[in-house]
Amino acid sequence: MANFLDNDIRFLKGVGDNRAAILHKELGIRTMRDLLWYFPFRYVDRSRFYKTAEIRDESVAYIQLRVRIEGISLQGAGRTARLVAIASDDTGRVELTWFRGIKWVQKRLEPGREYIVFGRPGFFNGQLQIVHPEIEDVGAARQRPPGMQGIYSTTESLNSNHMGTKGIYNLMCNLWEVARDHITETLPAQVMRDHGLIPLRDALENIHFPKDQKILAAAQYRLKFEELFGLQLGIVAQRQGRIEKSNGFMFNRVGDLFNEFYSGHLPFELTGAQKRVIKEIRSDTVTGHQMNRLLQGDVGSGKTLVALMSMLLAADNGYQSCLMAPTEILARQHYATIYNLLGGMDVNVAVLTGSTRTRERDEILSNLEVGNIDILVGTHALIEERVRFDNLGFVVIDEQHRFGVEQRARLWTKNQRPPHVLVMTATPIPRTLAMTLYGDLDVSVIDELPPGRKPIKTMHVRDSQRLRVYGFMAEQIAAGRQIYVVYPLISGSEKMDYKDLEDGFESISRQFPPPDYFTTVVHGRMKAADKEANMKLFKEGTANIMVATSVIEVGVDVPNATVMVIESAERFGLSQLHQLRGRVGRGGEQSYCVLMSGDKLSADARARLGAMVRTGDGFELSELDLKLRGAGDLAGTQQSGLALELKISNLGRDSAIVEICRTAAEKIYDGGYLFDATDKKLLEELESRYSGTKRSDFSMIS
Ligand code: ADP
Ligand code: MG
């Protein structure tokens with residue numbers, strides 16, 4: 001039976017063809033259901049009256065007062081003309097100001113009478129004031145149902161077609177009249193009972209027309225739960241499917257190579273975290289399920305070693321492995337590291353990149369195909385068609401966020417049976433986000449740095465104190481150290497960004513003039529050869545200072561660089577700041593990160609810079625980043641499209657609900673409920689409603 005809510009929105013009273021087209025174009029709304037799921041983004045609380053004395057700052061967005069007008073005066077003239085009314089209640093005064101519609105207001109306001117005044121509070125010279133408040137007679141206010149008022153976001157085009165927030169509110173009233181009896185429950189009763197959820201019908205009514213804060217919170221919770229639960233149902237199902245398939249390669253032998261390396265070649269003691277992760281990988285690969293694991297570990301936490309030891313496990317069981325890195329420099333660095341660590345062991349390692357010579361490449365490819373190569377390290381070159389393995393059993397992807405979706409997926413289709421997959425990243429993704437974005441992925445964390453690392457000292461310096469920073473840089477250079485100076489690169493005003501960089505380069509060169517000093521520059525607009533040459537100058541220690549954009553190559557590894565100066569640090573996101581900071585602190589010397597910012601900062605920017613100074617923990621920072629920015633801005637989220645499809649939840653702020661929904665979805669798959677056919681149907685519908693959501697690149701693993 002067709003549901004009423006599936007009807008075209010044009011049939012709603014007050015809409016029609018023209019507005020229907022606009023609703024579709026501007027908000028993607030086609031049906032009654034779409035409109036019903038278009039929720040207010042904010043509410044103004046008209047359920048209570050404030051006293052003027054209660055308002056001490058601007059922290060309350062909107063207030064409703066009941067005040068008596070004491071006097072009205074017209075001030076200024078011409079363009080600066082304004083109407084000012086002084087009003088008071090029994091606790092204090094408020095100044096009401098109008099710049100527009102003066103005549104109309106003047107006619108309505110009568111000194112000595114009481115009014116309901118509503119608006120955004122502000123302060124001027126310590127005096128509470130409201131500019132352009134709404135005013136109502138006390139009598140009129142009595143007739144209006146008390147409650148919260150939803151504010152809908154609109155666009156210019158909507159506004160000019162009578163669909164501003166009030167217009168949408170009116171449509172919603174019309175819709176509710178006809179839709180209220182057609183809303184069927186979407187969640188099984190037992191689930192609702194277990195989680196204290198209100199019925200869908202009540203939730204929808206109160207998300208649009210809440211009577212008070214409390215019922216609004218219950219409505220929001222119910223709707224968020226439904227959304228996140230729907231997502232998790234799909235994720236858990238997918239995961240279950242993978243695990244039930246039991247088509248993974250068995251690494252049930254810890255053999256000679258692993259043991260030989262562990263006892264004879266390991267140059268240091270593994271950290272506790274490294275041991276734990278290797279164990280996790282071990283136990284994954286003996287189950288018979290295909291492993292799908294994300295390894296998160298801060299810059300320098302020793303992920304490469306974990307990758308290598310896992311690949312030795314594969315080799316011990318007769319399987320080949322490969323390790324894919326995002327850049328040529330990084331691939332060659334990995335190859336060198338692995339080659340040196342193995343030091344003469346009977347393991348064949350090769351490296352394949354775009355610049356590998358034809359003859360060498362042909363040799364590698366034929367050896368690979370007959371199984372003579374155990375570990376192949378490389379770049380994107382690894383996913384080319386002609387690269388064929390004999391029996392690829394283990395795939396490692398380093399810096400996973402730097403690869404595109406298909407690139408990754410293609411690597412693990414290089415076998416009939418999908419290999420075990422380990423993706424490594426130094427960009428920590430908070431647990432709840434990982435659970436949703438990469439839901440079908442187990443997460444391992446290296447949360448411990450190798451011993452002996454000195455924490456990087458971080459300070460925040462305002463532009464007005466710049467000279468002190470130059471002094472500090474001079475000291476470090478005198479001590480033989482090198483320095484990065486990084487400028488933000490924010491697309492949209494690219495021209496200005498490069499101007500900043502060029503100006504910066506000039507003023508640094510002036511401050512640190514040759515021949516005593518040598519400053520080099522690297523940015524994305526340079527020719528590759530120039531870039532490489534300048535980078536080399538810094539690597540080899542010829543240049544004291546490297547001025548660069550934020551796109552410093554992942555491969556840049558200069559242990560002698562001890563200072564990272566980040567210009568306009570307030571313009572960077574937290575995780576980016578943290579990544580940049582990770583470029584220093586790689587040698588034995590004390591390292592520093594200097595965050596330069598303007599003198600005036602937004603509250604958000606202050607919070608970010610403050611957090612950077614306070615902690616070096618990448619996970620703490622990324623959790624905070626998620627809270628400050630919401631999930632929409634985090635790497636990977638945008639491209640997944642998920643943030644857009646969520647109507648009410650925010651993966652950052654609603655992380656607690658994500659956890660609850662994950663547990664609830666697991667309980668269902670573990671048979672924790674006895675559902676009847678109707679319940680099962682509901683769950684299927686819910687799952688399929690959200691399964692279209694582009695959730696994860698990793699879901700391509702079949
Ligand atoms: P990342 O996690 O950033 O990829 P790497 O694997 O490159 O980190 O390791 C960073 C450095 O730490 C390397 O020089 C590596 O040899 C060293 N390292 C790794 N594990 C340990 C350990 N357990 N003890 C001491 N040093 C280690
Ligand atoms: Mg690494």
# chains A, B, ... in the order shown; residues from 1 in each chain; ligands from 1

$ residues_around --residues "Pro419 of chain A" --least-positions-apart "3" --cutoff "8 Å" --atoms "only C-alpha atoms" --output "number ranges by chain"
A: 248-249, 290-291, 392-395, 412, 415

$ write_last_selection --atoms "C-alpha atoms" --output "mmCIF file, in the first residue's frame"
data_model
loop_
_atom_site.group_PDB
_atom_site.id
_atom_site.type_symbol
_atom_site.label_atom_id
_atom_site.label_comp_id
_atom_site.auth_asym_id
_atom_site.auth_seq_id
_atom_site.Cartn_x
_atom_site.Cartn_y
_atom_site.Cartn_z
ATOM 1 C CA GLY A 248 40.419 -15.577 4.758
ATOM 2 C CA PHE A 249 43.880 -17.004 4.446
ATOM 3 C CA GLN A 290 39.404 -12.143 6.150
ATOM 4 C CA MET A 291 41.005 -9.430 8.272
ATOM 5 C CA LEU A 392 48.914 -12.341 -2.307
ATOM 6 C CA GLY A 393 47.843 -12.925 1.277
ATOM 7 C CA PHE A 394 48.496 -9.650 3.063
ATOM 8 C CA VAL A 395 48.135 -6.041 2.001
ATOM 9 C CA TRP A 412 42.573 -6.254 -2.774
ATOM 10 C CA ASN A 415 43.353 -12.231 -5.679
#

$ residues_near_ligand --ligand "ligand 1" --cutoff "7 Å" --atoms "only C-alpha atoms and all ligand atoms" --output "ChimeraX atom specification"
/A:268-271,297-305,426,450-451

$ residues_around --residues "segment 663-676 of chain A" --least-positions-apart "5" --cutoff "10 Å" --atoms "only C-alpha atoms" --output "list in words"
Pro188, Ala189, Gln190, Val191, Asp194, His195, Leu228, Phe229, Gly230, Leu231, Gln232, Leu233, Gly234, Ile235, Val236, Ala237, Gln240, Ile657, Val658, Lys681 and Leu683 of chain A

$ residues_near_ligand --ligand "ligand 2" --cutoff "12 Å" --atoms "only C-alpha atoms and all ligand atoms" --output "PyMOL selection string"
chain A and resi 295-308+323-327+329-331+333-335+337+396-400+423-427+554-557+582-583

$ closest_residue --among "A:Ser688, A:Glu589, A:Glu570, A:Phe258" --to "Ala607 of chain A" --atoms "only C-alpha atoms"
A:Glu570

$ select_by_dssp --residues "segment 284-464 of chain A" --states "helix (DSSP H, G or I)" --output "ChimeraX atom specification"
/A:284-285,303-316,328-342,358-370,380-383,400-402,405-411,431-437,463-464

$ closest_residue --among "A:Val347, A:Asn391, A:Leu341, A:Ser355" --to "Ile375 of chain A" --atoms "only C-alpha atoms"
A:Val347

$ atom_distance --atom1 "atom CA of Lys539 of chain A" --atom2 "atom CA of Ile483 of chain A"
11.2 Å
